[in-house]
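Novice: Take a look at structure08.cif, mmCIF, C-alpha atoms:
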```cif
data_entry
#
loop_
_atom_site.label_atom_id
_atom_site.label_comp_id
_atom_site.auth_asym_id
_atom_site.auth_seq_id
_atom_site.Cartn_x
_atom_site.Cartn_y
_atom_site.Cartn_z
CA MET A 1 6.04 -2.65 25.25
CA LYS A 2 5.26 -5.10 22.49
CA ARG A 3 2.08 -4.44 20.52
CA THR A 4 -0.56 -7.07 19.91
CA SER A 5 -0.32 -8.69 16.50
CA PHE A 6 -3.50 -8.86 14.43
CA ALA A 7 -1.81 -10.79 11.60
CA GLN A 8 -3.73 -14.00 12.30
CA TRP A 9 -7.09 -12.49 13.19
CA PRO A 10 -9.97 -13.60 10.95
CA CYS A 11 -10.58 -10.02 9.80
CA SER A 12 -9.07 -8.26 6.80
CA ILE A 13 -9.30 -4.87 8.53
CA ALA A 14 -7.33 -6.16 11.53
CA ARG A 15 -4.74 -7.81 9.26
CA THR A 16 -4.36 -4.62 7.21
CA MET A 17 -3.88 -2.56 10.36
CA ASP A 18 -1.29 -5.07 11.54
CA LEU A 19 0.60 -4.59 8.28
CA LEU A 20 0.34 -0.79 8.46
CA GLY A 21 1.31 -0.72 12.11
CA ASP A 22 1.30 3.05 12.55
CA TRP A 23 0.48 6.37 10.90
CA TRP A 24 3.79 6.66 9.02
CA THR A 25 3.26 3.61 6.81
CA PRO A 26 0.26 4.96 4.82
CA LEU A 27 2.12 8.27 4.42
CA VAL A 28 5.17 6.47 3.01
CA LEU A 29 2.85 4.71 0.56
CA ARG A 30 1.17 8.04 -0.30
CA GLU A 31 4.59 9.47 -1.19
CA ALA A 32 5.32 6.43 -3.35
CA PHE A 33 2.11 7.18 -5.28
CA TYR A 34 3.32 10.77 -5.67
CA GLY A 35 6.40 9.38 -7.41
CA ILE A 36 8.90 9.44 -4.55
CA ARG A 37 11.32 6.53 -4.85
CA ARG A 38 14.48 7.28 -2.93
CA PHE A 39 15.17 7.12 0.78
CA ASP A 40 16.36 10.72 1.06
CA GLU A 41 13.32 11.97 -0.87
CA PHE A 42 10.93 10.11 1.44
CA GLN A 43 12.80 11.48 4.45
CA GLN A 44 12.76 15.05 3.12
CA GLU A 45 9.09 15.02 2.09
CA LEU A 46 7.81 13.48 5.32
CA GLY A 47 10.24 14.91 7.86
CA ILE A 48 10.39 11.42 9.36
CA ALA A 49 13.35 10.20 11.42
CA ARG A 50 15.75 8.17 9.30
CA ASN A 51 15.58 5.10 11.57
CA THR A 52 11.76 5.17 11.52
CA LEU A 53 11.73 5.50 7.74
CA ALA A 54 14.24 2.66 7.34
CA ASP A 55 12.01 0.45 9.50
CA ARG A 56 8.84 1.32 7.52
CA LEU A 57 10.54 0.79 4.15
CA ARG A 58 11.98 -2.54 5.33
CA ARG A 59 8.50 -3.63 6.42
CA LEU A 60 6.85 -2.53 3.16
CA VAL A 61 9.51 -4.37 1.15
CA GLY A 62 9.19 -7.45 3.37
CA GLU A 63 5.40 -7.45 2.97
CA GLY A 64 5.71 -7.09 -0.80
CA LEU A 65 4.18 -3.61 -1.22
CA LEU A 66 7.47 -2.05 -2.32
CA GLU A 67 10.42 -3.50 -4.19
CA LYS A 68 14.03 -2.37 -3.83
CA ARG A 69 15.78 -1.73 -7.15
CA ALA A 70 19.43 -0.73 -7.25
CA TYR A 71 20.03 2.50 -9.17
CA GLN A 72 23.68 2.93 -8.13
CA ALA A 73 26.40 0.32 -7.68
CA ASP A 74 29.14 2.00 -5.62
CA PRO A 75 27.89 2.52 -3.01
CA VAL A 76 24.72 0.54 -3.61
CA ARG A 77 21.64 2.76 -3.45
CA TYR A 78 18.05 1.76 -4.04
CA ASP A 79 14.80 3.05 -5.42
CA TYR A 80 11.65 1.86 -3.64
CA VAL A 81 9.06 1.00 -6.28
CA LEU A 82 5.42 0.02 -5.79
CA THR A 83 4.65 -3.60 -6.59
CA GLU A 84 1.25 -4.80 -7.83
CA LYS A 85 0.28 -5.42 -4.20
CA GLY A 86 1.41 -1.91 -3.27
CA ALA A 87 -0.34 -0.28 -6.23
CA ASP A 88 -3.54 -2.02 -5.20
CA PHE A 89 -3.44 -0.02 -1.94
CA TYR A 90 -4.32 3.15 -3.87
CA GLY A 91 -8.05 2.64 -3.37
CA VAL A 92 -7.56 2.50 0.40
CA LEU A 93 -5.71 5.83 0.37
CA ALA A 94 -8.33 7.36 -1.95
CA ALA A 95 -11.13 6.24 0.39
CA MET A 96 -9.26 7.66 3.40
CA SER A 97 -8.79 10.92 1.53
CA ARG A 98 -12.50 11.06 0.69
CA TRP A 99 -13.45 10.58 4.33
CA GLY A 100 -10.93 13.21 5.44
CA ASP A 101 -12.18 15.65 2.81
CA ARG A 102 -15.73 15.23 4.10
CA TRP A 103 -15.07 15.35 7.83
CA LEU A 104 -11.71 17.06 8.37
CA ALA A 105 -11.24 19.59 5.55
CA GLU A 106 -11.15 23.21 6.50
CA GLU A 107 -13.50 25.87 5.15
CA ALA A 108 -11.31 26.41 2.08
CA GLY A 109 -12.00 22.83 0.99
CA PRO A 110 -9.99 19.67 0.44
CA PRO A 111 -6.21 20.11 0.41
CA ILE A 112 -5.76 17.63 -2.48
CA THR A 113 -8.06 16.89 -5.41
CA LEU A 114 -7.98 13.65 -7.37
CA HIS A 115 -8.14 14.03 -11.14
CA HIS A 116 -9.28 11.05 -13.23
CA ASP A 117 -7.19 11.17 -16.41
CA THR A 118 -9.44 8.69 -18.21
CA CYS A 119 -12.50 10.99 -18.20
CA GLY A 120 -10.76 14.28 -17.54
CA HIS A 121 -12.69 15.20 -14.38
CA ASP A 122 -11.79 15.91 -10.78
CA THR A 123 -13.29 13.19 -8.61
CA HIS A 124 -13.29 11.40 -5.28
CA ALA A 125 -13.42 7.79 -4.17
CA GLU A 126 -16.75 6.03 -3.86
CA VAL A 127 -17.23 2.59 -2.35
CA VAL A 128 -19.66 0.68 -4.54
CA CYS A 129 -20.93 -2.87 -4.96
CA ALA A 130 -18.77 -4.81 -7.41
CA HIS A 131 -21.95 -6.48 -8.75
CA CYS A 132 -24.49 -3.65 -9.23
CA ALA A 133 -22.31 -0.52 -8.71
CA GLY A 134 -24.71 0.74 -6.01
CA PRO A 135 -23.19 2.55 -3.02
CA LEU A 136 -22.08 0.43 -0.07
CA THR A 137 -23.15 1.91 3.26
CA ALA A 138 -23.45 0.55 6.77
CA GLU A 139 -27.22 0.70 6.34
CA ASN A 140 -27.40 -1.44 3.18
CA THR A 141 -24.52 -3.87 3.75
CA ARG A 142 -23.86 -6.63 6.29
CA ALA A 143 -20.88 -8.74 7.21
CA ARG A 144 -21.15 -12.50 6.73
CA LEU A 145 -18.73 -15.31 7.45
CA GLY A 146 -16.49 -15.84 4.46
CA SER A 147 -14.88 -19.03 3.20
CA GLY A 148 -11.62 -18.10 4.90
CA TYR A 149 -13.11 -17.74 8.38
CA PRO A 150 -11.50 -20.38 10.63
CA PRO A 151 -14.01 -23.22 11.19
CA LYS A 152 -12.80 -23.70 14.79
CA LEU A 153 -13.92 -20.11 15.57
CA ALA A 154 -17.14 -20.05 13.56
CA ASN A 155 -19.14 -21.97 16.18
CA ARG A 156 -18.03 -19.93 19.18
CA PRO A 157 -21.07 -18.34 20.88
CA ASP A 158 -19.72 -14.78 20.50
CA VAL A 159 -19.10 -15.28 16.78
CA VAL A 160 -22.48 -16.92 16.21
CA ARG A 161 -24.13 -14.04 18.09
CA ARG A 162 -22.23 -11.36 16.14
CA PHE A 163 -23.10 -12.74 12.73
CA ALA A 164 -26.65 -13.69 13.69
CA ALA A 165 -27.16 -10.02 14.59
CA GLN A 166 -25.82 -9.04 11.15
CA GLU A 167 -28.32 -11.40 9.54
CA GLY A 168 -31.15 -9.95 11.63
CA LEU A 169 -31.61 -13.23 13.53
CA THR A 170 -31.86 -13.59 17.25
CA THR A 171 -29.93 -16.12 19.29
#
```
Output the file's structure as structure tokens, nothing else.
Specialist:
Amino acid sequence: MKRTSFAQWPCSIARTMDLLGDWWTPLVLREAFYGIRRFDEFQQELGIARNTLADRLRRLVGEGLLEKRAYQADPVRYDYVLTEKGADFYGVLAAMSRWGDRWLAEEAGPPITLHHDTCGHDTHAEVVCAHCAGPLTAENTRARLGSGYPPKLANRPDVVRRFAAQEGLTT
């Protein structure tokens, strides 16, 4: 059964989920942030089937989150290294970890702690406004049509209704 593609949806969350595709992909990226670079290391750390791992690595390379770099010539073997696009995914994983620590951690506490080397403290991710640094919550934030929203969809009644509700307007 072929899954629905969200790649062209006018929503960055949908497009990100389309790129991730499944639960293995964020875990492969997590391992890359832990310093894992080689196929066998990813496979060993995750216990993932080799064919599944090969597919996820191929996708992450194809989408530009990882780059293959040869470390051996005969036979050719590769390291998988985070690109700038891949490194930028760190905040997403940190936010997921924060949510999991709050809602899924056991009584003993979070299984992993983030340590901020710059200030020397253990920390967690916070989602804040890029302008004023205040916290972003569902209660104090609303979604608005952005410049990249397809004009042909912006005037559809369901879209107008959705964003009018966000603006506190009635239709």
Novice: Using the chain letters and numbers from the file, which residues does the PyMOL selection byres ((chain A and resi 144-146) around 10) grab, as a compact mmCIF listing (two decimals) with C-alpha atoms, in the frame of the given file?
Specialist:
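Once everything was written out, this is part_1.txt:
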```txt
# COMPACT_ATOMS: atom_id res chain seq x y z
CA PRO A 10 -9.97 -13.60 10.95
CA CYS A 11 -10.58 -10.02 9.80
CA THR A 141 -24.52 -3.87 3.75
CA ARG A 142 -23.86 -6.63 6.29
CA ALA A 143 -20.88 -8.74 7.21
CA SER A 147 -14.88 -19.03 3.20
CA GLY A 148 -11.62 -18.10 4.90
CA TYR A 149 -13.11 -17.74 8.38
CA PRO A 150 -11.50 -20.38 10.63
CA PRO A 151 -14.01 -23.22 11.19
CA ALA A 154 -17.14 -20.05 13.56
CA VAL A 159 -19.10 -15.28 16.78
CA VAL A 160 -22.48 -16.92 16.21
CA ARG A 162 -22.23 -11.36 16.14
CA PHE A 163 -23.10 -12.74 12.73
CA ALA A 164 -26.65 -13.69 13.69
CA GLN A 166 -25.82 -9.04 11.15
CA GLU A 167 -28.32 -11.40 9.54
```
Novice: Any idea what's packed within 6 Å of Asp101 in chain A, counting only C-alpha atoms, ignoring anything in its chain fewer than 4 positions away? Could you give it as a ChimeraX atom specification?
Specialist: /A:97,105,110
Novice: Up to 9 Å from (-5.6, 11.0, -7.6) in the file's coordinates: name the residues, counting only C-alpha atoms, as a PyMOL selection string.
Specialist: chain A and resi 33+90+94+112-117+122-124
Novice: Tell me which protein, DNA and RNA residues are within 12 Å of Tyr34 in chain A, counting only C-alpha atoms, leaving out same-chain ones fewer than 6 positions away, and put them as an MDAnalysis selection string.
Specialist: chainID A and resid 27:28 41:42 45 81:82 87 90 93 112 114
Novice: Once the PyMOL selection byres ((chain A and resi 125-132) around 6) has been evaluated on this model, what residues remain selected, and can you format them as a ChimeraX atom specification?
Specialist: /A:94-95,98,124,133-136
Novice: Using all atoms listed in the file, can you tell me which of A:Pro26, A:Gly47, A:Gly86, A:Pro111 comes closest to Leu66 in chain A?
Specialist: A:Gly86
Novice: Any chance you could resolve the PyMOL selection byres ((chain A and resi 46) around 12) against this file and give the residues as number ranges by chain?
Specialist: A: 23-32, 36, 39-45, 47-50, 52-53
Novice: Restricting the calculation to all atoms listed in the file: of A:Val61, A:Arg38, A:Ala54, A:Met96, which residue gets closest to Asp79 in chain A?
Specialist: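 The closest residue to Asp79 in chain A is A:Arg38.
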